[in-house]
Amino acid sequence: MGLDGLSRRRRAVAGIGVAALSITLAASGCAGSEQSKNNAVAGASTTALPEEPATGTPVRIGFVSTEGGAVVSLPEMREGAEAAVEYVNKNAGGIAGHPVELVVCKQQEEPTSATKCANEFVEQKVAAVLSPGTSQGGTILPIVAGAGIPYVTLNGVSQQELTSPDSAALSAGLPGTITAMAAAAKDKDMGSFTLFASDGGGLGALANAMGAPLFQAAGVKLNVVPIPLGVPDPTPLVASGLSDKPEGVSVIADAATCASVYKAVQTTDPAVQRVFIPTCLAPDVIDILGVDSVAGSIGITATDYLSDRPDSVLYRSVLQTYAPEAAVAGAASSGYQVVMALASATDNIQGEVAPASIKDALRTAKSVEMPAGGGITFTCDGTAVAQMPSICSRQMLIGEINDQGVPVNLKVTG
């Protein structure tokens with residue numbers, strides 16, 4: 001897809017909340033492609049799965065799947081979740097001994113279908129609702145919470161998801177992403193850093209409010225440059241943002257904006273160090289920028305796709321067994337992570353697995369390792385981010401981007 005095609009997609013995404021989707025996909029690490037599927041696992045180890053079938057009564061768990069929309073459709077998220085459920089039920093003894101019955105509802109990132117899904121979850125009497133990340137969390141959460149059902153998202157976006165006592169947002173989201181950027185700038189001894197942020201939903205102002213104290217504490221001067229939605233050519237804005245010769249640069253936006261801004265950066269200051277969020281490592285973006293221009297840069301992610309850590313080996317093994325067509329370094333990871341994280345956090349439930357026991361388990365579990373998370377942990381007791389008590393972690397992963405566009409040699413920050 002060329003820049004014109006990506007620009008058309010950018011304008012469409014703007015209509016459904018580009019800022020929300022950008023944050024969601026950034027933290028999810030959605031950068032899958034045929035290239036990722038075929039090459040990223042080359043030489044990456046897998047293992048045989050144990051035999052430990054669940055034997056208790058089934059527990060229904062709702063799953064919000066973003067599928068069928070005119071602008072964005074990510075069936076890989078569902079495929080990753082379904083693979084994780086197969087593993088939990090057949091190989092890991094279930095959730096507290098109970099097999100999971102996944103109640104999937106497909107919504108199109110707009111309120112009508114999202115409301116339908118929320119009502120369906122209530123009617124199906126699910127014990128919890130899982131979301132890998134959606135711009136419609138603010139629509140779904142109040143409905144399911146009103147029925148006493150806990151809502152667990154990998155990446156919270158809406159105010160409700162980030163502050164409600166009925167929500168657990170497992171990953172660090174925008175606060176963690178900006179924290180990781182500041183840490184990367186400090187690690188590389190940068191004195192100044194320019195962040196180009198899509199100017200939708202107040203994202204630019206939010207990024208500046210969060211980022212200014214973090215970068216100041218790291219000893220790095222931060223300059224946030226808003227990029228208006230649908231701007232046909234961001235080159236003048238990029239040139240202005242680079243006029244004071246920053247030592248580092250990053251972009252928080254949808255894939256189309258990432259492509260156009262980084263293309264302008266390459267033209268204006270090809271030597272500046274770049275920090276990429278996963279959305280900006282999407283295959284279409286890399287095709288435009290060229291993988292050679294991306295390799296060696298700094299990558300931020302929440303998923304350890306390729307290392308030999310046991311949880312990463314397990315992730316690849318589960319996908320290989322139950323979702324062999326899914327890209328390892330792609331959107332399937334977010335569906336997998338949210339299911340497996342719920343299983344880990346609720347492992348100590350005694351007796352019935354119900355909304356109340358799941359909610360209590362989430363609020364009392366401490367330092368739970370994120371599956372395929374490279375050592376990231378989450379604790380959902382409201383202390384990770386004081387102003388956003390539903391966020392369960394401040395941690396992200398930083399690594400060098402390899403010749404497949406995947407961050408490797410990862411370390412936890414935050």
# chains A, B, ... in the order shown; residues from 1 in each chain; ligands from 1

$ select_by_dssp --residues "segment 24-184 of chain A" --states "strand (DSSP E)" --output "number ranges by chain"
A: 59-66, 100-107, 128-131, 151-153, 167-169

$ residues_around --residues "Thr47 of chain A" --least-positions-apart "2" --cutoff "8 Å" --atoms "only C-alpha atoms" --output "PyMOL selection string"
chain A and resi 45+49+313-314+317

$ write_last_selection --atoms "N, CA, C and O atoms" --output "compact mmCIF listing (two decimals), in the first residue's frame"
# COMPACT_ATOMS: atom_id res chain seq x y z
N SER A 45 12.62 -21.04 19.19
CA SER A 45 12.28 -22.37 19.70
C SER A 45 10.82 -22.48 20.10
O SER A 45 10.15 -21.51 20.44
N LEU A 49 3.54 -29.28 24.41
CA LEU A 49 2.63 -28.80 25.44
C LEU A 49 2.24 -29.95 26.36
O LEU A 49 2.07 -31.08 25.92
N VAL A 313 8.54 -18.86 24.67
CA VAL A 313 8.54 -20.17 24.00
C VAL A 313 7.13 -20.77 24.04
O VAL A 313 6.65 -21.33 23.05
N LEU A 314 6.47 -20.65 25.19
CA LEU A 314 5.11 -21.17 25.32
C LEU A 314 4.16 -20.45 24.36
O LEU A 314 3.33 -21.10 23.70
N SER A 317 4.63 -21.77 20.96
CA SER A 317 4.19 -23.16 20.90
C SER A 317 2.67 -23.26 20.82
O SER A 317 2.12 -24.08 20.09

$ closest_residue --among "A:Tyr336, A:Gln108, A:Glu369, A:Asp233" --to "Tyr322 of chain A" --atoms "only C-alpha atoms"
A:Tyr336

$ closest_residue --among "A:Ser240, A:Thr235, A:Ser198, A:Ser164" --to "Ala256 of chain A" --atoms "only C-alpha atoms"
A:Ser198

$ select_by_dssp --residues "segment 222-372 of chain A" --states "alpha helix (DSSP H)" --output "PyMOL selection string"
chain A and resi 235-241+255-268+283-289+291-294+310-322+332-345+355-364

$ write_last_selection --atoms "C-alpha atoms" --output "PDB file, in the first residue's frame"
ATOM      1  CA  THR A 235       6.834  17.829   5.894  1.00  0.00           C
ATOM      2  CA  PRO A 236       6.624  21.521   6.972  1.00  0.00           C
ATOM      3  CA  LEU A 237       5.528  20.500  10.483  1.00  0.00           C
ATOM      4  CA  VAL A 238       8.275  17.890  10.649  1.00  0.00           C
ATOM      5  CA  ALA A 239      10.880  20.373   9.452  1.00  0.00           C
ATOM      6  CA  SER A 240       9.758  22.822  12.126  1.00  0.00           C
ATOM      7  CA  GLY A 241       9.852  20.108  14.796  1.00  0.00           C
ATOM      8  CA  ALA A 255       0.044   3.704  10.758  1.00  0.00           C
ATOM      9  CA  ALA A 256      -0.677   6.143   7.942  1.00  0.00           C
ATOM     10  CA  THR A 257       0.508   9.146   9.932  1.00  0.00           C
ATOM     11  CA  CYS A 258       3.549   7.192  11.106  1.00  0.00           C
ATOM     12  CA  ALA A 259       4.497   6.515   7.487  1.00  0.00           C
ATOM     13  CA  SER A 260       4.119  10.088   6.305  1.00  0.00           C
ATOM     14  CA  VAL A 261       5.870  11.628   9.325  1.00  0.00           C
ATOM     15  CA  TYR A 262       8.802   9.207   9.351  1.00  0.00           C
ATOM     16  CA  LYS A 263       9.169   9.625   5.581  1.00  0.00           C
ATOM     17  CA  ALA A 264       9.483  13.359   6.158  1.00  0.00           C
ATOM     18  CA  VAL A 265      11.953  12.740   8.998  1.00  0.00           C
ATOM     19  CA  GLN A 266      14.106  10.628   6.670  1.00  0.00           C
ATOM     20  CA  THR A 267      14.161  13.463   4.171  1.00  0.00           C
ATOM     21  CA  THR A 268      14.748  16.252   6.698  1.00  0.00           C
ATOM     22  CA  PRO A 283       4.112  -3.905   7.557  1.00  0.00           C
ATOM     23  CA  ASP A 284       2.700  -1.133   5.362  1.00  0.00           C
ATOM     24  CA  VAL A 285       4.820   1.444   7.182  1.00  0.00           C
ATOM     25  CA  ILE A 286       7.987  -0.641   6.927  1.00  0.00           C
ATOM     26  CA  ASP A 287       7.319  -1.250   3.230  1.00  0.00           C
ATOM     27  CA  ILE A 288       7.236   2.511   2.679  1.00  0.00           C
ATOM     28  CA  LEU A 289      10.208   3.378   4.885  1.00  0.00           C
ATOM     29  CA  VAL A 291      13.307  -2.208   6.645  1.00  0.00           C
ATOM     30  CA  ASP A 292      16.959  -1.188   6.300  1.00  0.00           C
ATOM     31  CA  SER A 293      16.090   2.325   7.458  1.00  0.00           C
ATOM     32  CA  VAL A 294      14.227   0.953  10.481  1.00  0.00           C
ATOM     33  CA  PRO A 310       9.853 -19.860  28.856  1.00  0.00           C
ATOM     34  CA  ASP A 311       6.736 -17.700  28.528  1.00  0.00           C
ATOM     35  CA  SER A 312       7.739 -16.598  25.032  1.00  0.00           C
ATOM     36  CA  VAL A 313       8.539 -20.166  24.003  1.00  0.00           C
ATOM     37  CA  LEU A 314       5.110 -21.174  25.316  1.00  0.00           C
ATOM     38  CA  TYR A 315       3.429 -18.375  23.349  1.00  0.00           C
ATOM     39  CA  ARG A 316       4.996 -19.533  20.090  1.00  0.00           C
ATOM     40  CA  SER A 317       4.186 -23.160  20.895  1.00  0.00           C
ATOM     41  CA  VAL A 318       0.524 -22.414  21.590  1.00  0.00           C
ATOM     42  CA  LEU A 319       0.156 -20.470  18.344  1.00  0.00           C
ATOM     43  CA  GLN A 320       1.971 -23.171  16.414  1.00  0.00           C
ATOM     44  CA  THR A 321      -0.384 -25.800  17.842  1.00  0.00           C
ATOM     45  CA  TYR A 322      -3.748 -24.034  17.877  1.00  0.00           C
ATOM     46  CA  ALA A 332      -2.746 -12.534  17.827  1.00  0.00           C
ATOM     47  CA  SER A 333      -0.429 -11.781  20.736  1.00  0.00           C
ATOM     48  CA  SER A 334      -2.895  -9.354  22.341  1.00  0.00           C
ATOM     49  CA  GLY A 335      -5.756 -11.854  22.357  1.00  0.00           C
ATOM     50  CA  TYR A 336      -3.420 -14.504  23.729  1.00  0.00           C
ATOM     51  CA  GLN A 337      -2.035 -12.236  26.433  1.00  0.00           C
ATOM     52  CA  VAL A 338      -5.368 -11.055  27.832  1.00  0.00           C
ATOM     53  CA  VAL A 339      -6.708 -14.635  28.135  1.00  0.00           C
ATOM     54  CA  MET A 340      -3.519 -16.027  29.655  1.00  0.00           C
ATOM     55  CA  ALA A 341      -3.182 -13.060  32.015  1.00  0.00           C
ATOM     56  CA  LEU A 342      -6.697 -13.674  33.340  1.00  0.00           C
ATOM     57  CA  ALA A 343      -5.853 -17.346  33.871  1.00  0.00           C
ATOM     58  CA  SER A 344      -2.679 -16.443  35.783  1.00  0.00           C
ATOM     59  CA  ALA A 345      -4.304 -13.773  37.948  1.00  0.00           C
ATOM     60  CA  PRO A 355     -17.781 -12.274  38.552  1.00  0.00           C
ATOM     61  CA  ALA A 356     -17.183 -11.479  42.225  1.00  0.00           C
ATOM     62  CA  SER A 357     -14.373 -14.006  42.690  1.00  0.00           C
ATOM     63  CA  ILE A 358     -12.657 -12.913  39.471  1.00  0.00           C
ATOM     64  CA  LYS A 359     -12.842  -9.254  40.468  1.00  0.00           C
ATOM     65  CA  ASP A 360     -11.438 -10.026  43.902  1.00  0.00           C
ATOM     66  CA  ALA A 361      -8.635 -12.158  42.436  1.00  0.00           C
ATOM     67  CA  LEU A 362      -7.619  -9.379  40.060  1.00  0.00           C
ATOM     68  CA  ARG A 363      -7.522  -6.757  42.815  1.00  0.00           C
ATOM     69  CA  THR A 364      -5.457  -8.917  45.188  1.00  0.00           C
TER      70      THR A 364
END

$ closest_residue --among "A:Gly399, A:Gly97, A:Gly173, A:Gly211" --to "Phe276 of chain A" --atoms "only C-alpha atoms"
A:Gly399

$ closest_residue --among "A:Thr303, A:Asn155, A:Thr112, A:Ser167" --to "Leu141 of chain A" --atoms "only C-alpha atoms"
A:Ser167

$ closest_residue --among "A:Ala48, A:Ala327, A:Ala172, A:Ala92" --to "Thr413 of chain A" --atoms "only C-alpha atoms"
A:Ala172

$ closest_residue --among "A:Gly138, A:Pro234, A:Met190, A:Ala185" --to "Gln159 of chain A" --atoms "only C-alpha atoms"
A:Gly138

$ residues_around --residues "segment 248-251 of chain A" --least-positions-apart "2" --cutoff "7 Å" --atoms "only C-alpha atoms" --output "list in words"
Ala185, Met190, Ser192, Phe193, Thr194, Leu195, Phe196, Ala197, Pro246, Ala253, Cys258, Val272, Gln273, Arg274, Val275 and Phe276 of chain A

$ residues_around --residues "Ala207 of chain A" --least-positions-apart "2" --cutoff "10 Å" --atoms "only C-alpha atoms" --output "list in words"
Leu174, Pro175, Thr177, Ile178, Leu195, Phe196, Ala197, Ser198, Gly202, Leu203, Gly204, Ala205, Ala209, Met210, Gly211, Ala212, Val224, Val225, Pro226 and Ile252 of chain A

$ write_last_selection --atoms "all heavy atoms" --output "compact mmCIF listing (two decimals), in the first residue's frame"
# COMPACT_ATOMS: atom_id res chain seq x y z
N LEU A 174 -0.64 4.45 27.17
CA LEU A 174 0.08 5.68 26.84
C LEU A 174 1.08 6.08 27.93
O LEU A 174 2.21 6.46 27.61
CB LEU A 174 -0.91 6.81 26.57
CG LEU A 174 -0.28 8.14 26.15
CD1 LEU A 174 0.48 8.00 24.84
CD2 LEU A 174 -1.35 9.22 26.03
N PRO A 175 0.72 6.01 29.24
CA PRO A 175 1.72 6.38 30.25
C PRO A 175 2.99 5.53 30.15
O PRO A 175 4.11 6.06 30.26
CB PRO A 175 0.98 6.12 31.57
CG PRO A 175 -0.46 6.26 31.24
CD PRO A 175 -0.59 5.70 29.86
N THR A 177 4.08 3.91 27.47
CA THR A 177 4.78 4.19 26.21
C THR A 177 5.66 5.42 26.32
O THR A 177 6.82 5.43 25.90
CB THR A 177 3.75 4.36 25.08
OG1 THR A 177 3.00 3.15 24.92
CG2 THR A 177 4.43 4.70 23.75
N ILE A 178 5.11 6.48 26.91
CA ILE A 178 5.89 7.72 27.05
C ILE A 178 7.01 7.54 28.08
O ILE A 178 8.12 8.06 27.90
CB ILE A 178 4.96 8.89 27.41
CG1 ILE A 178 3.99 9.14 26.24
CG2 ILE A 178 5.76 10.15 27.70
CD1 ILE A 178 2.99 10.25 26.50
N LEU A 195 8.63 14.67 19.86
CA LEU A 195 7.56 13.69 19.73
C LEU A 195 6.46 14.26 18.86
O LEU A 195 5.84 15.27 19.21
CB LEU A 195 7.01 13.33 21.12
CG LEU A 195 5.78 12.42 21.16
CD1 LEU A 195 6.06 11.09 20.47
CD2 LEU A 195 5.33 12.21 22.60
N PHE A 196 6.22 13.63 17.72
CA PHE A 196 5.12 14.02 16.84
C PHE A 196 3.90 13.20 17.24
O PHE A 196 3.93 11.97 17.24
CB PHE A 196 5.48 13.76 15.38
CG PHE A 196 6.63 14.59 14.88
CD1 PHE A 196 7.90 14.04 14.79
CD2 PHE A 196 6.45 15.92 14.53
CE1 PHE A 196 8.98 14.80 14.34
CE2 PHE A 196 7.52 16.68 14.07
CZ PHE A 196 8.79 16.13 13.98
N ALA A 197 2.81 13.88 17.60
CA ALA A 197 1.62 13.20 18.10
C ALA A 197 0.41 13.58 17.27
O ALA A 197 0.15 14.77 17.02
CB ALA A 197 1.37 13.57 19.57
N SER A 198 -0.33 12.57 16.83
CA SER A 198 -1.56 12.80 16.09
C SER A 198 -2.48 13.69 16.92
O SER A 198 -2.75 13.40 18.09
CB SER A 198 -2.24 11.47 15.78
OG SER A 198 -3.44 11.66 15.10
N GLY A 202 -7.30 15.18 21.57
CA GLY A 202 -6.43 15.82 22.56
C GLY A 202 -5.17 15.04 22.87
O GLY A 202 -4.53 15.26 23.91
N LEU A 203 -4.77 14.14 21.95
CA LEU A 203 -3.61 13.28 22.21
C LEU A 203 -2.33 14.08 22.37
O LEU A 203 -1.50 13.78 23.22
CB LEU A 203 -3.46 12.24 21.09
CG LEU A 203 -2.30 11.27 21.21
CD1 LEU A 203 -2.36 10.50 22.51
CD2 LEU A 203 -2.28 10.32 20.02
N GLY A 204 -2.16 15.12 21.54
CA GLY A 204 -0.94 15.92 21.64
C GLY A 204 -0.79 16.57 23.00
O GLY A 204 0.27 16.52 23.62
N ALA A 205 -1.87 17.19 23.48
CA ALA A 205 -1.82 17.84 24.80
C ALA A 205 -1.61 16.81 25.91
O ALA A 205 -0.86 17.06 26.87
CB ALA A 205 -3.12 18.61 25.05
N ALA A 209 1.48 16.64 28.53
CA ALA A 209 1.25 16.69 29.97
C ALA A 209 1.92 15.52 30.68
O ALA A 209 2.51 15.67 31.76
CB ALA A 209 -0.25 16.70 30.26
N MET A 210 1.83 14.35 30.07
CA MET A 210 2.47 13.17 30.66
C MET A 210 3.98 13.19 30.46
O MET A 210 4.75 12.82 31.35
CB MET A 210 1.91 11.89 30.02
CG MET A 210 0.50 11.54 30.40
SD MET A 210 0.03 9.96 29.65
CE MET A 210 -1.64 9.79 30.27
N GLY A 211 4.40 13.60 29.27
CA GLY A 211 5.80 13.46 28.91
C GLY A 211 6.73 14.48 29.51
O GLY A 211 7.88 14.16 29.83
N ALA A 212 6.26 15.73 29.68
CA ALA A 212 7.15 16.80 30.15
C ALA A 212 7.86 16.44 31.45
O ALA A 212 9.09 16.53 31.54
CB ALA A 212 6.36 18.10 30.28
N VAL A 224 6.81 18.47 21.98
CA VAL A 224 5.71 17.73 21.38
C VAL A 224 5.13 18.56 20.24
O VAL A 224 4.75 19.71 20.43
CB VAL A 224 4.61 17.42 22.41
CG1 VAL A 224 3.43 16.72 21.75
CG2 VAL A 224 5.17 16.54 23.54
N VAL A 225 5.07 17.97 19.06
CA VAL A 225 4.56 18.64 17.87
C VAL A 225 3.28 17.95 17.42
O VAL A 225 3.31 16.80 16.96
CB VAL A 225 5.59 18.61 16.73
CG1 VAL A 225 5.02 19.29 15.48
CG2 VAL A 225 6.89 19.29 17.16
N PRO A 226 2.12 18.60 17.54
CA PRO A 226 0.86 17.99 17.07
C PRO A 226 0.83 17.90 15.55
O PRO A 226 1.27 18.83 14.85
CB PRO A 226 -0.22 18.94 17.59
CG PRO A 226 0.45 19.78 18.63
CD PRO A 226 1.89 19.90 18.20
N ILE A 252 3.57 9.15 17.79
CA ILE A 252 2.42 8.44 18.33
C ILE A 252 1.24 8.78 17.43
O ILE A 252 0.75 9.91 17.44
CB ILE A 252 2.11 8.83 19.78
CG1 ILE A 252 3.25 8.39 20.71
CG2 ILE A 252 0.81 8.19 20.25
CD1 ILE A 252 3.02 8.72 22.17

$ atom_distance --atom1 "atom CA of Ala81 of chain A" --atom2 "atom CA of Phe63 of chain A"
8.2 Å

$ residues_around --residues "Val353 of chain A" --least-positions-apart "5" --cutoff "8 Å" --atoms "only C-alpha atoms" --output "ChimeraX atom specification"
/A:59,95-96,98,127,358

$ write_last_selection --atoms "N, CA and C atoms" --output "JSON list (two decimals), in the first residue's frame"
[["chain", "number", "residue", "atom", "x", "y", "z"],
["A", 59, "VAL", "N", -16.82, -22.23, 32.60],
["A", 59, "VAL", "CA", -17.09, -20.85, 32.98],
["A", 59, "VAL", "C", -17.08, -20.01, 31.70],
["A", 95, "ILE", "N", -9.13, -22.47, 34.18],
["A", 95, "ILE", "CA", -9.06, -21.36, 35.13],
["A", 95, "ILE", "C", -9.55, -21.87, 36.48],
["A", 96, "ALA", "N", -8.63, -21.99, 37.42],
["A", 96, "ALA", "CA", -8.95, -22.56, 38.73],
["A", 96, "ALA", "C", -9.66, -23.90, 38.58],
["A", 98, "HIS", "N", -11.47, -24.93, 36.00],
["A", 98, "HIS", "CA", -12.67, -24.89, 35.16],
["A", 98, "HIS", "C", -12.31, -24.61, 33.71],
["A", 127, "ALA", "N", -18.77, -14.51, 33.17],
["A", 127, "ALA", "CA", -18.14, -14.21, 34.46],
["A", 127, "ALA", "C", -17.19, -13.03, 34.37],
["A", 358, "ILE", "N", -13.64, -13.39, 40.45],
["A", 358, "ILE", "CA", -12.66, -12.91, 39.47],
["A", 358, "ILE", "C", -12.22, -11.49, 39.81]]
